[in-house]
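work00.txt follows; it contains compact mmCIF, C-alpha atoms.
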```txt
# COMPACT_ATOMS: atom_id res chain seq x y z
CA MET A 4 6.27 1.93 -45.25
CA THR A 5 5.29 -1.13 -47.33
CA ALA A 6 8.92 -1.69 -48.30
CA PHE A 7 9.97 -1.50 -44.65
CA PHE A 8 7.44 -4.12 -43.57
CA GLY A 9 8.43 -6.26 -46.53
CA ARG A 10 12.10 -6.22 -45.49
CA PHE A 11 11.13 -6.85 -41.89
CA TRP A 12 9.03 -9.87 -42.91
CA ILE A 13 11.94 -11.34 -44.87
CA ASP A 14 14.32 -10.78 -41.95
CA ALA A 15 11.83 -12.36 -39.53
CA ASN A 16 11.50 -15.46 -41.73
CA ILE A 17 15.28 -15.85 -41.88
CA ALA A 18 15.53 -15.39 -38.09
CA ILE A 19 12.88 -18.06 -37.48
CA SER A 20 14.58 -20.45 -39.89
CA PHE A 21 17.80 -20.04 -37.87
CA LEU A 22 15.84 -20.81 -34.70
CA ARG A 23 14.34 -23.93 -36.25
CA GLU A 24 17.75 -25.24 -37.19
CA GLY A 25 18.84 -24.99 -33.54
CA ARG A 26 15.64 -26.38 -32.03
CA ILE A 27 17.26 -27.75 -28.89
CA GLN A 28 19.11 -24.53 -28.10
CA SER A 29 16.03 -22.44 -28.88
CA LEU A 30 13.82 -24.62 -26.68
CA MET A 31 16.26 -24.52 -23.77
CA ILE A 32 16.70 -20.75 -23.78
CA THR A 33 12.93 -20.23 -24.23
CA LEU A 34 12.30 -22.38 -21.16
CA GLY A 35 14.98 -20.44 -19.29
CA VAL A 36 13.30 -17.15 -20.17
CA ALA A 37 9.90 -18.62 -19.22
CA ILE A 38 11.13 -19.65 -15.78
CA GLY A 39 12.72 -16.23 -15.24
CA VAL A 40 9.52 -14.44 -16.26
CA ALA A 41 7.41 -16.73 -14.05
CA VAL A 42 9.64 -16.00 -11.07
CA ILE A 43 9.49 -12.25 -11.73
CA ILE A 44 5.70 -12.20 -12.01
CA PHE A 45 5.17 -14.46 -8.99
CA ILE A 46 7.59 -12.58 -6.71
CA THR A 47 6.20 -9.19 -7.77
CA ALA A 48 2.60 -10.30 -7.27
CA LEU A 49 3.48 -11.91 -3.92
CA ILE A 50 5.11 -8.73 -2.60
CA GLN A 51 2.24 -6.59 -3.89
CA GLY A 52 -0.32 -8.88 -2.26
CA LEU A 53 1.58 -8.88 1.03
CA GLN A 54 1.91 -5.09 1.02
CA THR A 55 -1.76 -4.63 0.16
CA ASN A 56 -2.73 -6.95 3.02
CA LEU A 57 -0.48 -5.09 5.48
CA ILE A 58 -1.80 -1.69 4.41
CA ASP A 59 -5.44 -2.83 4.49
CA SER A 60 -5.06 -4.36 7.94
CA THR A 61 -3.36 -1.19 9.20
CA LEU A 62 -5.54 1.45 7.55
CA GLY A 63 -8.69 -0.58 8.01
CA SER A 64 -8.83 0.61 11.61
CA GLN A 65 -7.55 4.19 11.34
CA ALA A 66 -7.92 7.34 9.30
CA HIS A 67 -5.35 8.38 6.69
CA ILE A 68 -5.02 11.83 8.28
CA ARG A 69 -6.06 13.14 11.71
CA LEU A 70 -6.52 16.80 12.53
CA VAL A 71 -6.32 17.95 16.17
CA SER A 72 -5.86 21.25 17.96
CA PRO A 73 -2.26 22.50 18.18
CA ASP A 74 -0.49 21.67 21.43
CA GLU A 75 -0.84 24.24 24.17
CA VAL A 76 2.42 25.92 25.06
CA ASN A 77 3.58 28.06 27.97
CA LEU A 78 3.54 31.82 27.51
CA ILE A 79 6.91 33.25 28.50
CA ALA A 80 7.34 36.95 29.17
CA PRO A 81 10.04 38.56 27.04
CA PRO A 82 13.23 39.54 28.91
CA VAL A 83 13.81 43.10 29.99
CA ASP A 84 16.33 45.05 27.95
CA ASP A 85 19.97 44.48 28.88
CA THR A 86 19.15 41.41 30.96
CA LEU A 87 19.94 37.72 30.55
CA GLN A 88 16.97 35.44 31.04
CA LEU A 89 17.52 31.82 32.06
CA ILE A 90 14.45 29.63 31.74
CA GLN A 91 13.77 26.17 33.05
CA GLU A 92 10.48 25.15 31.49
CA ASP A 93 8.22 22.16 32.04
CA LYS A 94 6.01 21.35 29.09
CA ARG A 95 2.41 22.26 29.58
CA PRO A 96 0.05 19.30 30.14
CA GLN A 97 -2.40 18.86 27.27
CA ARG A 98 -6.02 18.98 28.39
CA LEU A 99 -8.96 17.61 26.44
CA ARG A 100 -10.27 20.52 24.39
CA SER A 101 -12.41 21.17 21.34
CA ILE A 102 -11.30 22.35 17.91
CA ASN A 103 -12.36 25.95 17.38
CA ASN A 104 -14.83 26.63 14.55
CA TRP A 105 -14.89 22.96 13.64
CA GLN A 106 -18.18 23.26 11.74
CA GLN A 107 -16.69 25.79 9.32
CA ILE A 108 -13.50 23.74 9.00
CA THR A 109 -15.53 20.62 8.22
CA ASP A 110 -17.52 22.46 5.53
CA THR A 111 -14.26 23.68 3.97
CA LEU A 112 -12.69 20.21 4.01
CA ASP A 113 -15.81 18.72 2.39
CA GLN A 114 -15.09 20.87 -0.66
CA LEU A 115 -11.48 19.75 -1.09
CA PRO A 116 -11.07 17.31 -4.03
CA LEU A 117 -7.94 15.84 -2.39
CA LEU A 118 -10.08 14.31 0.38
CA THR A 119 -12.49 11.41 -0.05
CA ALA A 120 -14.10 11.49 3.42
CA VAL A 121 -14.30 13.86 6.40
CA SER A 122 -15.56 12.85 9.84
CA PRO A 123 -15.54 15.11 12.93
CA ASN A 124 -15.38 13.06 16.14
CA VAL A 125 -14.99 13.60 19.85
CA SER A 126 -12.82 11.12 21.73
CA GLY A 127 -11.33 10.90 25.16
CA PRO A 128 -10.49 8.53 27.99
CA GLY A 129 -13.18 6.90 30.05
CA PHE A 130 -14.15 3.91 32.14
CA VAL A 131 -16.69 1.18 31.68
CA ARG A 132 -18.10 -0.78 34.62
CA ARG A 133 -20.13 -3.93 34.86
CA GLY A 134 -20.54 -5.25 38.35
CA GLU A 135 -17.12 -5.48 39.94
CA ALA A 136 -15.35 -5.30 36.54
CA LEU A 137 -13.79 -1.95 35.62
CA GLU A 138 -11.98 -1.29 32.34
CA SER A 139 -10.32 1.84 30.95
CA VAL A 140 -11.54 2.64 27.45
CA ILE A 141 -11.50 5.27 24.74
CA LEU A 142 -14.87 6.90 24.21
CA VAL A 143 -15.43 7.80 20.56
CA GLY A 144 -18.47 9.89 19.72
CA THR A 145 -19.21 10.08 16.03
CA ASP A 146 -21.73 10.47 13.23
CA LEU A 147 -21.88 6.92 11.87
CA GLU A 148 -22.88 8.05 8.38
CA ARG A 149 -19.67 10.04 8.05
CA TYR A 150 -17.48 7.69 10.08
CA GLN A 151 -18.44 4.70 7.93
CA LYS A 152 -16.52 6.34 5.06
CA ILE A 153 -13.42 6.45 7.26
CA ILE A 154 -13.66 3.00 8.87
CA PRO A 155 -16.36 0.67 7.49
CA LEU A 156 -17.58 -0.58 10.86
CA SER A 157 -20.35 -2.58 9.19
CA GLU A 158 -17.67 -4.88 7.73
CA TYR A 159 -16.20 -5.52 11.20
CA LEU A 160 -19.50 -6.05 13.02
CA ILE A 161 -19.68 -9.64 14.34
CA SER A 162 -22.98 -9.44 16.22
CA GLY A 163 -25.85 -7.04 16.84
CA GLU A 164 -26.68 -3.93 14.84
CA LEU A 165 -24.64 -0.98 13.68
CA ARG A 166 -26.44 1.63 15.77
CA VAL A 167 -25.44 4.34 18.23
CA SER A 168 -27.83 6.60 20.10
CA ALA A 169 -28.36 8.09 23.55
CA ASP A 170 -28.86 4.57 24.94
CA ASN A 171 -26.92 2.35 22.52
CA VAL A 172 -23.19 1.87 21.96
CA LEU A 173 -20.80 -0.38 20.02
CA ILE A 174 -17.92 -2.12 21.80
CA GLY A 175 -14.97 -4.27 20.70
CA SER A 176 -14.90 -8.04 20.95
CA GLU A 177 -12.02 -8.11 23.45
CA LEU A 178 -13.78 -5.64 25.74
CA ALA A 179 -16.96 -7.72 25.55
CA LYS A 180 -14.95 -10.81 26.46
CA ASN A 181 -13.24 -9.10 29.40
CA LEU A 182 -16.55 -7.81 30.79
CA GLY A 183 -18.49 -10.97 30.03
CA VAL A 184 -21.20 -9.16 28.07
CA GLU A 185 -23.07 -9.66 24.82
CA VAL A 186 -25.50 -7.75 22.63
CA GLY A 187 -28.32 -6.41 24.81
CA SER A 188 -26.27 -6.22 28.00
CA LYS A 189 -26.05 -2.97 29.97
CA LEU A 190 -22.89 -1.05 30.89
CA ARG A 191 -22.08 2.07 32.87
CA LEU A 192 -19.85 4.56 31.07
CA ASP A 193 -17.93 7.27 32.86
CA SER A 194 -15.40 9.80 31.59
CA GLY A 195 -14.00 10.88 34.98
CA GLN A 196 -14.15 14.48 33.71
CA ASP A 197 -15.05 17.13 36.27
CA ASP A 198 -14.30 20.79 36.80
CA ASP A 199 -13.58 20.63 40.52
CA ASP A 200 -10.79 18.92 42.42
CA SER A 201 -12.95 16.26 43.98
CA SER A 202 -11.70 12.74 44.50
CA PHE A 203 -11.84 9.97 41.95
CA ASP A 204 -14.72 8.26 43.77
CA ASN A 205 -16.78 11.40 43.55
CA ASN A 206 -15.81 11.90 39.93
CA PHE A 207 -16.97 8.42 39.09
CA ASN A 208 -20.50 9.38 40.06
CA ASN A 209 -20.50 12.35 37.65
CA ASN A 210 -20.65 12.40 33.86
CA SER A 211 -21.80 8.79 33.69
CA ALA A 212 -24.48 6.99 31.72
CA VAL A 213 -26.00 3.52 31.60
CA VAL A 214 -26.15 2.23 28.02
CA ASN A 215 -27.14 -0.87 26.06
CA ILE A 216 -24.73 -2.79 23.84
CA ALA A 217 -26.23 -2.55 20.34
CA GLY A 218 -23.38 -4.31 18.54
CA ILE A 219 -19.96 -5.88 18.93
CA PHE A 220 -17.20 -5.30 16.37
CA GLU A 221 -13.79 -6.82 15.75
CA LEU A 222 -11.27 -4.58 13.99
CA GLY A 223 -8.53 -7.21 14.13
CA VAL A 224 -6.27 -5.11 16.36
CA ARG A 225 -6.35 -6.46 19.91
CA GLU A 226 -5.67 -3.12 21.59
CA LEU A 227 -8.48 -1.39 19.69
CA ASP A 228 -10.94 -4.24 20.22
CA ALA A 229 -10.23 -4.05 23.95
CA ARG A 230 -10.59 -0.28 24.36
CA TYR A 231 -12.79 1.35 21.72
CA VAL A 232 -16.38 2.25 22.59
CA TYR A 233 -18.40 4.01 19.88
CA LEU A 234 -21.31 6.14 21.02
CA ASP A 235 -23.51 8.96 19.86
CA LEU A 236 -21.72 12.25 19.22
CA LYS A 237 -23.90 14.33 21.56
CA GLN A 238 -23.70 11.75 24.34
CA ALA A 239 -19.89 11.66 24.10
CA GLN A 240 -19.76 15.46 24.17
CA SER A 241 -21.79 15.43 27.36
CA LEU A 242 -19.72 12.71 29.03
CA LEU A 243 -16.43 14.42 28.16
CA ASN A 244 -17.59 17.91 29.20
CA LEU A 245 -17.30 19.20 25.64
CA PRO A 246 -20.84 20.34 24.77
CA GLY A 247 -21.01 21.06 21.05
CA GLY A 248 -17.29 20.37 20.61
CA ILE A 249 -15.14 17.83 18.79
CA THR A 250 -11.53 16.83 19.43
CA VAL A 251 -10.43 15.31 16.12
CA ILE A 252 -11.31 15.40 12.43
CA ASP A 253 -10.56 12.16 10.57
CA LEU A 254 -9.78 12.30 6.84
CA THR A 255 -9.17 9.82 4.04
CA VAL A 256 -7.45 10.41 0.70
CA GLU A 257 -7.47 8.67 -2.66
CA ASP A 258 -3.72 7.96 -2.84
CA ILE A 259 -2.61 6.77 0.59
CA PHE A 260 1.06 7.34 -0.20
CA GLU A 261 0.35 11.05 -0.78
CA ALA A 262 -1.12 11.36 2.71
CA GLU A 263 1.93 13.12 4.20
CA GLN A 264 1.96 15.87 1.54
CA ILE A 265 -1.82 16.31 1.74
CA ALA A 266 -1.64 16.45 5.55
CA ALA A 267 0.86 19.31 5.29
CA GLN A 268 -1.45 21.19 2.91
CA VAL A 269 -4.53 20.64 5.07
CA GLY A 270 -2.58 21.66 8.19
CA ARG A 271 -1.59 24.97 6.59
CA LEU A 272 -5.14 25.55 5.39
CA THR A 273 -6.83 24.90 8.74
CA SER A 274 -4.03 25.92 11.16
CA LEU A 275 -4.54 22.57 12.90
CA GLN A 276 -2.03 19.90 13.75
CA ALA A 277 -2.20 17.29 10.94
CA GLU A 278 -0.73 13.81 11.29
CA SER A 279 -0.79 11.21 8.52
CA TRP A 280 -0.71 7.43 8.79
CA ILE A 281 2.78 7.51 7.23
CA LYS A 282 4.13 9.37 10.24
CA THR A 283 2.35 7.25 12.82
CA ASN A 284 3.33 4.00 11.08
CA ALA A 285 6.93 4.80 10.18
CA GLN A 286 8.10 1.24 10.90
CA LEU A 287 5.45 -0.20 8.59
CA LEU A 288 6.53 2.13 5.79
CA SER A 289 10.17 1.14 6.32
CA GLY A 290 9.16 -2.51 6.07
CA LEU A 291 7.25 -1.89 2.85
CA THR A 292 10.25 -0.04 1.39
CA ALA A 293 12.57 -2.91 2.31
CA GLN A 294 10.18 -5.41 0.73
CA SER A 295 10.01 -3.39 -2.50
CA LEU A 296 13.80 -3.07 -2.59
CA SER A 297 14.34 -6.80 -2.12
CA SER A 298 11.73 -7.56 -4.79
CA ASN A 299 13.39 -5.19 -7.26
CA MET A 300 16.80 -6.75 -6.57
CA ILE A 301 15.43 -10.24 -7.25
CA VAL A 302 13.79 -9.07 -10.46
CA GLY A 303 17.02 -7.37 -11.54
CA PHE A 304 19.19 -10.43 -10.94
CA VAL A 305 16.73 -12.72 -12.73
CA ALA A 306 16.59 -10.32 -15.70
CA ILE A 307 20.39 -10.22 -15.88
CA SER A 308 20.53 -14.03 -15.84
CA VAL A 309 17.97 -14.21 -18.64
CA ALA A 310 19.90 -11.63 -20.68
CA PHE A 311 23.18 -13.55 -20.34
CA GLY A 312 21.42 -16.76 -21.35
CA ILE A 313 20.02 -15.20 -24.54
CA ALA A 314 23.35 -13.54 -25.35
CA SER A 315 25.29 -16.80 -24.92
CA VAL A 316 22.92 -18.78 -27.13
CA LEU A 317 23.00 -16.17 -29.88
CA SER A 318 26.79 -15.94 -29.64
CA VAL A 319 27.00 -19.69 -30.27
CA SER A 320 24.47 -19.28 -33.09
CA VAL A 321 26.68 -16.68 -34.78
CA VAL A 322 29.66 -19.06 -34.70
CA GLN A 323 27.60 -22.00 -35.99
CA ARG A 324 26.03 -20.00 -38.82
CA THR A 325 29.04 -18.04 -39.95
CA ARG A 326 28.92 -19.69 -43.38
CA GLU A 327 25.20 -18.94 -43.83
CA ILE A 328 25.79 -15.34 -42.80
CA GLY A 329 28.59 -15.05 -45.39
CA ILE A 330 26.30 -16.41 -48.08
CA LEU A 331 23.58 -13.92 -47.15
CA ARG A 332 26.08 -11.08 -47.30
CA ALA A 333 27.34 -12.30 -50.70
CA MET A 334 23.75 -12.38 -51.97
CA GLY A 335 23.32 -8.71 -51.12
CA ALA A 336 22.23 -8.68 -47.48
CA THR A 337 23.39 -5.52 -45.76
CA ARG A 338 24.98 -5.26 -42.32
CA GLN A 339 21.77 -3.68 -41.03
CA GLN A 340 19.77 -6.64 -42.30
CA ILE A 341 22.04 -9.16 -40.55
CA LEU A 342 21.81 -7.02 -37.42
CA ARG A 343 18.01 -7.07 -37.59
CA ILE A 344 17.90 -10.86 -38.05
CA PHE A 345 19.68 -11.53 -34.76
CA LEU A 346 17.83 -8.77 -32.93
CA ILE A 347 14.58 -10.38 -34.04
CA GLN A 348 15.81 -13.70 -32.68
CA GLY A 349 16.43 -12.07 -29.31
CA ALA A 350 12.96 -10.52 -29.35
CA VAL A 351 11.39 -13.88 -30.23
CA PHE A 352 13.19 -15.57 -27.32
CA GLY A 353 11.94 -12.88 -24.94
CA LEU A 354 8.37 -12.85 -26.29
CA LEU A 355 7.84 -16.63 -26.44
CA GLY A 356 9.51 -17.10 -23.07
CA SER A 357 7.33 -14.40 -21.48
CA ILE A 358 4.14 -15.95 -22.89
CA VAL A 359 5.02 -19.38 -21.48
CA GLY A 360 6.28 -17.81 -18.24
CA SER A 361 3.00 -15.90 -17.76
CA GLY A 362 1.12 -19.20 -17.92
CA VAL A 363 3.51 -20.80 -15.45
CA SER A 364 3.13 -17.83 -13.07
CA TYR A 365 -0.64 -18.33 -13.06
CA VAL A 366 -0.03 -21.91 -11.92
CA PHE A 367 2.28 -20.68 -9.14
CA VAL A 368 -0.27 -18.10 -7.98
CA TRP A 369 -3.16 -20.56 -8.12
CA SER A 370 -1.16 -23.05 -6.07
CA PHE A 371 -0.34 -20.40 -3.45
CA ASN A 372 -3.92 -19.15 -3.20
CA THR A 373 -5.30 -22.71 -3.03
CA PHE A 374 -2.77 -24.57 -0.91
CA GLY A 375 -0.97 -21.68 0.80
CA PRO A 376 -1.43 -20.34 4.36
CA ASN A 377 -4.64 -18.47 3.36
CA ILE A 378 -3.45 -15.38 5.21
CA PHE A 379 -3.89 -13.33 2.05
CA THR A 380 -4.43 -13.91 -1.66
CA ILE A 381 -2.15 -12.95 -4.52
CA PRO A 382 -3.83 -10.96 -7.30
CA ILE A 383 -2.29 -10.80 -10.78
CA SER A 384 -3.15 -7.72 -12.79
CA ILE A 385 -3.10 -7.68 -16.57
CA ASN A 386 -0.83 -4.64 -16.37
CA LEU A 387 1.81 -6.69 -14.53
CA ILE A 388 1.66 -9.35 -17.25
CA LEU A 389 1.94 -6.84 -20.08
CA VAL A 390 4.77 -4.89 -18.44
CA THR A 391 6.73 -8.07 -17.72
CA MET A 392 6.26 -9.35 -21.28
CA SER A 393 7.41 -6.01 -22.67
CA LEU A 394 10.48 -5.97 -20.41
CA ALA A 395 11.32 -9.58 -21.32
CA THR A 396 11.09 -8.80 -25.03
CA LEU A 397 13.20 -5.68 -24.61
CA THR A 398 15.73 -7.66 -22.57
CA GLY A 399 15.94 -10.19 -25.40
CA VAL A 400 16.64 -7.45 -27.94
CA ILE A 401 19.30 -5.82 -25.73
CA ALA A 402 20.94 -9.19 -25.00
CA ALA A 403 21.10 -9.91 -28.73
CA ALA A 404 22.84 -6.63 -29.52
CA ILE A 405 26.45 -7.81 -29.06
CA PRO A 406 26.06 -11.11 -31.00
CA ALA A 407 24.12 -9.23 -33.69
CA ARG A 408 26.91 -6.67 -34.13
CA ARG A 409 29.45 -9.46 -34.32
CA ALA A 410 27.42 -11.20 -37.05
CA ALA A 411 26.96 -7.97 -39.01
CA ALA A 412 30.71 -7.24 -38.85
CA LEU A 413 31.68 -10.56 -40.50
CA ASP A 414 33.53 -10.24 -43.84
CA PRO A 415 31.50 -12.20 -46.45
CA VAL A 416 34.57 -13.68 -48.16
CA VAL A 417 36.03 -14.96 -44.89
CA ALA A 418 32.64 -16.14 -43.67
CA ILE A 419 31.93 -18.23 -46.78
CA ARG A 420 35.23 -20.04 -46.39
CA TYR A 421 34.45 -20.80 -42.72
CA VAL A 422 33.94 -24.50 -42.05
```

Transcribe the structure of this file into structure tokens.
Amino acid sequence: MTAFFGRFWIDANIAISFLREGRIQSLMITLGVAIGVAVIIFITALIQGLQTNLIDSTLGSQAHIRLVSPDEVNLIAPPVDDTLQLIQEDKRPQRLRSINNWQQITDTLDQLPLLTAVSPNVSGPGFVRRGEALESVILVGTDLERYQKIIPLSEYLISGELRVSADNVLIGSELAKNLGVEVGSKLRLDSGQDDDDSSFDNNFNNNSAVVNIAGIFELGVRELDARYVYLDLKQAQSLLNLPGGITVIDLTVEDIFEAEQIAAQVGRLTSLQAESWIKTNAQLLSGLTAQSLSSNMIVGFVAISVAFGIASVLSVSVVQRTREIGILRAMGATRQQILRIFLIQGAVFGLLGSIVGSGVSYVFVWSFNTFGPNIFTIPISINLILVTMSLATLTGVIAAAIPARRAAALDPVVAIRYV
């Protein structure tokens, strides 16, 4: 082992002496590698920051997985033997209904290590009235302690208190603007749910409640801020004619990109219809995939350019130092030793260039975060720096392979005579 490190140290000194002799070439290729590494780190961090911002803004207002009752289907009598049955079927309308045995299902889901939060909720359509103003809304009854782990409403609260009870509700900022209300104002809620076939006007007088606005939130999604009304779970159950029932179970997971597989597992376990954010936001996922693909293509092309630059410089170095290589071979240097000398040069180019490039990338990121559009910030992780430096060093070694083999293949007698 000591002998190996001793030989490596000698080879490294020879490689560095070659680099010193060609200072201008070494400086130029090092700067080229540095710029390539800076571009790779900046582009990768930019895409990661953009994707994180898109995912946070999307998942900040919805659960990763939603469990609902399976769709109701028509029951069709089987055909009589030796008969041909022709069926023209209209799909059955889906009524608002509770999940069976939801308490037991919730207890079971709480024990699953794949899930980080479980929140049973009841939601359905409703109306809110203030004076002559009438708006259609979505009534969401929930247990705030559980729901906060799904959507941190406290972070989106812009006025008032985070409180729901029999007399207090939370509404979105757009809905508050449309109704001309503020914290402390009163509203009339109505679900329009009724068992008989009475008219809408009669329905509007049933299943209604007058409530106070305890707080106003802003999720950042205009449609949600204009329609969501959060209220106490029991009050929502009463308004929606679902006493003791819930209509949806919201779930979150640790790895959001595993949500589809986990949704399938939970669906099989509970016999409920499970839908992940990946399915409901297919266009977003396609956009993220396209962004990642374009980023990888840019990184690949930059890496190829850097590799060709290192290879060209070392190829010129082999031609310029043919005589020195011949002398080294005549003094007893083996082909493997000559090979190592030029491979070390390639590694030095990649390592030094990546160190300088990492510093330059920090300047790029700082400039973007300070003088950019301030829509989102770009984080740089130490792992990204280390991975990029390792890849740059490896690229330098690979790029040096062909010039190194050419140098090791030189005949010492011919090389010494080279002028």

Query raised in the report: Contacts of A:Leu34 at 10 Å or less, counting all atoms listed in the file, minus same-chain residues fewer than 3 places along, as a list in words?
Result: Gln28, Ser29, Leu30, Met31, Ala37, Ile38, Gly39, Val40, Phe352, Leu355, Gly356, Ser357, Val359 and Gly360 of chain A

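Take the candidates A:Asp235, A:Asp258, A:Glu158, A:Glu278 and check each one against A:Glu221 using all atoms listed in the file; the shortest distance goes to A:Glu158.
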
Requested in this report: Using all atoms listed in the file, determine which residues lie at most 12 Å from A:Leu137, disregarding the query and same-chain residues fewer than 4 positions distant; provide the list as number ranges by chain.
Outcome: A: 129-133, 178, 181-183, 190-193, 207, 230

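Minimum distance to A:Ile259 across A:Arg98, A:Glu148, A:Ile281, A:Ser393 (counting only C-alpha atoms) occurs at A:Ile281.
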
Contacts of A:Glu177 within 6 Å, all atoms listed in the file, excl. fewer than 3 positions in-chain, as a tab-separated table (two decimals) with C-alpha atoms, keeping the file's coordinate frame:
```
chain	number	residue	atom	x	y	z
A	180	LYS	CA	-14.95	-10.81	26.46
A	228	ASP	CA	-10.94	-4.24	20.22
A	229	ALA	CA	-10.23	-4.05	23.95
```

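Taking all atoms listed in the file into account, A:Ile252 lies nearest to A:Val71 out of the set A:Val143, A:Val71, A:Ala395, A:Ala293.
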
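The space between atom CA of A:Ile358 and atom CA of A:Gln340 spans 26.6 Å.
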
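Proximity of A:Tyr150, A:Lys237, A:Leu118, A:Gln286 to A:Ala262, computed with all atoms listed in the file, is greatest for A:Leu118.
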
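Closest to A:Ile153 among A:Leu254, A:Ala266, A:Val42, A:Leu242 is A:Leu254, based on only C-alpha atoms.
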
**Report entry** Proximity to A:Gly144 - best of A:Leu57, A:Ile219, A:Val251, A:Val186, all atoms listed in the file
**Finding:** A:Val251

Requested in this report: For atom CA of A:Pro382 and atom CA of A:Phe260, determine how far apart the two atoms are, in Å to one decimal place.
Outcome: 20.2 Å

Contact check, stretch 221-307 of chain A to stretch 73-89 of chain A, at most 12 Å, counting all atoms listed in the file, closest pairs as a Markdown table:
```
| residue | atom | partner | partner_atom | distance |
| --- | --- | --- | --- | --- |
| A:Thr250 | CA | A:Pro73 | CA | 10.9 |
| A:Val251 | CA | A:Pro73 | CA | 11.1 |
| A:Gly270 | CA | A:Pro73 | CA | 10.0 |
| A:Arg271 | CA | A:Pro73 | CA | 11.9 |
| A:Thr273 | CA | A:Pro73 | CA | 10.8 |
| A:Ser274 | CA | A:Pro73 | CA | 8.0 |
| A:Leu275 | CA | A:Pro73 | CA | 5.8 |
| A:Gln276 | CA | A:Pro73 | CA | 5.1 |
| A:Ala277 | CA | A:Pro73 | CA | 8.9 |
| A:Glu278 | CA | A:Pro73 | CA | 11.2 |
```

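Residues of protein, DNA or RNA having at least one counted atom within 7 Å of (-10.6, 3.1, 25.8), given all atoms listed in the file, are Pro128, Gly129, Ser139, Val140, Ile141, Leu142, Arg230, Tyr231 and Val232 of chain A.
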
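The two atoms in question, atom CA of A:Leu70 and atom CA of A:Gly247, are spaced 17.3 Å apart.
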
Since fewer atoms than expected are present, regenerate all heavy atoms for stretch 334-338 of chain A and write them as a PDB file, in the frame of the given file.
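Result file rebuild.pdb:
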```
ATOM      1  N   MET A 334      24.957 -12.511 -51.153  1.00  0.00           N
ATOM      2  CA  MET A 334      23.750 -12.380 -51.970  1.00  0.00           C
ATOM      3  C   MET A 334      23.160 -10.982 -51.915  1.00  0.00           C
ATOM      4  O   MET A 334      22.124 -10.713 -52.527  1.00  0.00           O
ATOM      5  CB  MET A 334      22.693 -13.398 -51.511  1.00  0.00           C
ATOM      6  CG  MET A 334      23.090 -14.850 -51.787  1.00  0.00           C
ATOM      7  SD  MET A 334      21.916 -16.008 -51.084  1.00  0.00           S
ATOM      8  CE  MET A 334      20.422 -15.559 -51.980  1.00  0.00           C
ATOM      9  N   GLY A 335      23.773 -10.094 -51.142  1.00  0.00           N
ATOM     10  CA  GLY A 335      23.320  -8.710 -51.120  1.00  0.00           C
ATOM     11  C   GLY A 335      22.745  -8.241 -49.810  1.00  0.00           C
ATOM     12  O   GLY A 335      22.288  -7.091 -49.699  1.00  0.00           O
ATOM     13  N   ALA A 336      22.739  -9.099 -48.790  1.00  0.00           N
ATOM     14  CA  ALA A 336      22.230  -8.680 -47.480  1.00  0.00           C
ATOM     15  C   ALA A 336      23.164  -7.638 -46.873  1.00  0.00           C
ATOM     16  O   ALA A 336      24.386  -7.801 -46.885  1.00  0.00           O
ATOM     17  CB  ALA A 336      22.103  -9.887 -46.552  1.00  0.00           C
ATOM     18  N   THR A 337      22.591  -6.591 -46.363  1.00  0.00           N
ATOM     19  CA  THR A 337      23.390  -5.520 -45.760  1.00  0.00           C
ATOM     20  C   THR A 337      23.721  -5.856 -44.310  1.00  0.00           C
ATOM     21  O   THR A 337      23.154  -6.772 -43.710  1.00  0.00           O
ATOM     22  CB  THR A 337      22.633  -4.191 -45.813  1.00  0.00           C
ATOM     23  OG1 THR A 337      21.438  -4.306 -45.040  1.00  0.00           O
ATOM     24  CG2 THR A 337      22.247  -3.845 -47.258  1.00  0.00           C
ATOM     25  N   ARG A 338      24.650  -5.071 -43.739  1.00  0.00           N
ATOM     26  CA  ARG A 338      24.980  -5.260 -42.320  1.00  0.00           C
ATOM     27  C   ARG A 338      23.756  -4.999 -41.443  1.00  0.00           C
ATOM     28  O   ARG A 338      23.542  -5.686 -40.444  1.00  0.00           O
ATOM     29  CB  ARG A 338      26.121  -4.311 -41.921  1.00  0.00           C
ATOM     30  CG  ARG A 338      27.450  -4.632 -42.583  1.00  0.00           C
ATOM     31  CD  ARG A 338      28.518  -3.640 -42.123  1.00  0.00           C
ATOM     32  NE  ARG A 338      29.790  -3.875 -42.807  1.00  0.00           N
ATOM     33  CZ  ARG A 338      30.734  -4.699 -42.380  1.00  0.00           C
ATOM     34  NH1 ARG A 338      30.523  -5.369 -41.247  1.00  0.00           N
ATOM     35  NH2 ARG A 338      31.853  -4.852 -43.035  1.00  0.00           N
TER      36      ARG A 338
END
```
